[in-house]
Amino acid sequence: MYGQQEIRKYRKEKGENKMKDREDQIFESGEKNDAFAQYFVGQSYLNMLTTSPVGVANVTFEPACRNNWHIHHKGGQILLVTAGKGYYQEWGKPAQELHPGDVVNIPPEVKHWHGAAKDSWFSHLAIEVPADGASNEWCEALSDEELNSEKMCKWPFEGQTMYSLILWLNVEFMKNVAEIGSARFLY
């Protein structure tokens, strides 16, 4: 069996310099995200971790890669940042800088984008909140000029414990699943 150093050396020789080679990456970055490439500026990678009953994907962005503005109708989305530095922005609001451990709850019907900083890889788990009739609407791309001119704001969870974030996440999740039946949580 090969060790991590041998695997990194092999990947480097083969030109595979994805984030999975970095020690801070929790999940494999997956394959090039060709199925959704038309909705991204730059290269992203997709690793579907689960598809049922709740879709969970590890999405990895190369530096400066971001997805287009988009809207999750009915179900919303939750992002759990696992590696790198990135941004999340809602339409009409300043962008928020994201780091590992940050949690973003995206309510249904909110136009937004997320992606990597121009000088960093970025990875997050994307959790699709289930809802009857849920769908995604892809909109215009975020230009390089917009990416470079964004204004940062302080992330609202800075300084909070992971326990308080998990409690908040459970409450927000329960709000979203209240209409579709009961949910079982393991504590």
# chains A, B, ... in the order shown; residues from 1 in each chain; ligands from 1

call {"tool": "residues_around", "arguments": {"residues": "segment 137-150 of chain A", "least_positions_apart": "5", "cutoff": "7 Å", "atoms": "only C-alpha atoms", "output": "list in words"}}
result
Tyr39, Asn68, Trp69, His70, Ile71, His72, Pro94 and Ala95 of chain A

call {"tool": "write_last_selection", "arguments": {"atoms": "C-alpha atoms", "output": "PDB file, in the first residue's frame"}}
result
ATOM      1  CA  TYR A  39     -23.188  27.086 -14.437  1.00  0.00           C
ATOM      2  CA  ASN A  68     -23.482  31.407 -11.252  1.00  0.00           C
ATOM      3  CA  TRP A  69     -26.113  33.282  -9.324  1.00  0.00           C
ATOM      4  CA  HIS A  70     -28.851  30.780  -8.595  1.00  0.00           C
ATOM      5  CA  ILE A  71     -32.051  30.206  -6.627  1.00  0.00           C
ATOM      6  CA  HIS A  72     -33.186  27.064  -4.789  1.00  0.00           C
ATOM      7  CA  PRO A  94     -22.126  42.173   0.622  1.00  0.00           C
ATOM      8  CA  ALA A  95     -20.187  38.927   0.181  1.00  0.00           C
TER       9      ALA A  95
END

call {"tool": "residues_around", "arguments": {"residues": "Pro108 of chain A", "least_positions_apart": "4", "cutoff": "9 Å", "atoms": "only C-alpha atoms", "output": "VMD selection string"}}
result
chain A and resid 71 to 77

call {"tool": "write_last_selection", "arguments": {"atoms": "C-alpha atoms", "output": "PDB file, in the first residue's frame"}}
result
ATOM      1  CA  ILE A  71     -32.051  30.206  -6.627  1.00  0.00           C
ATOM      2  CA  HIS A  72     -33.186  27.064  -4.789  1.00  0.00           C
ATOM      3  CA  HIS A  73     -36.947  26.971  -5.071  1.00  0.00           C
ATOM      4  CA  LYS A  74     -38.883  25.497  -2.130  1.00  0.00           C
ATOM      5  CA  GLY A  75     -36.093  23.436  -0.514  1.00  0.00           C
ATOM      6  CA  GLY A  76     -33.128  25.689   0.122  1.00  0.00           C
ATOM      7  CA  GLN A  77     -29.542  24.555   0.726  1.00  0.00           C
TER       8      GLN A  77
END

call {"tool": "select_by_dssp", "arguments": {"residues": "segment 111-148 of chain A", "states": "strand (DSSP E)", "output": "PyMOL selection string"}}
result
chain A and resi 112-116+122-128+135-138

call {"tool": "residues_around", "arguments": {"residues": "segment 79-93 of chain A", "least_positions_apart": "6", "cutoff": "9 Å", "atoms": "only C-alpha atoms", "output": "NGL selection string"}}
result
:A and (19 or 24-27 or 58 or 60-61 or 63-64 or 66 or 69 or 99-106 or 110-128 or 152)

call {"tool": "residues_around", "arguments": {"residues": "Asn33 of chain A", "least_positions_apart": "6", "cutoff": "12 Å", "atoms": "only C-alpha atoms", "output": "PyMOL selection string"}}
result
chain A and resi 39-48+57-62+65+67

call {"tool": "atom_distance", "arguments": {"atom1": "atom CA of Thr51 of chain A", "atom2": "atom CA of Ala37 of chain A"}}
result
19.7 Å
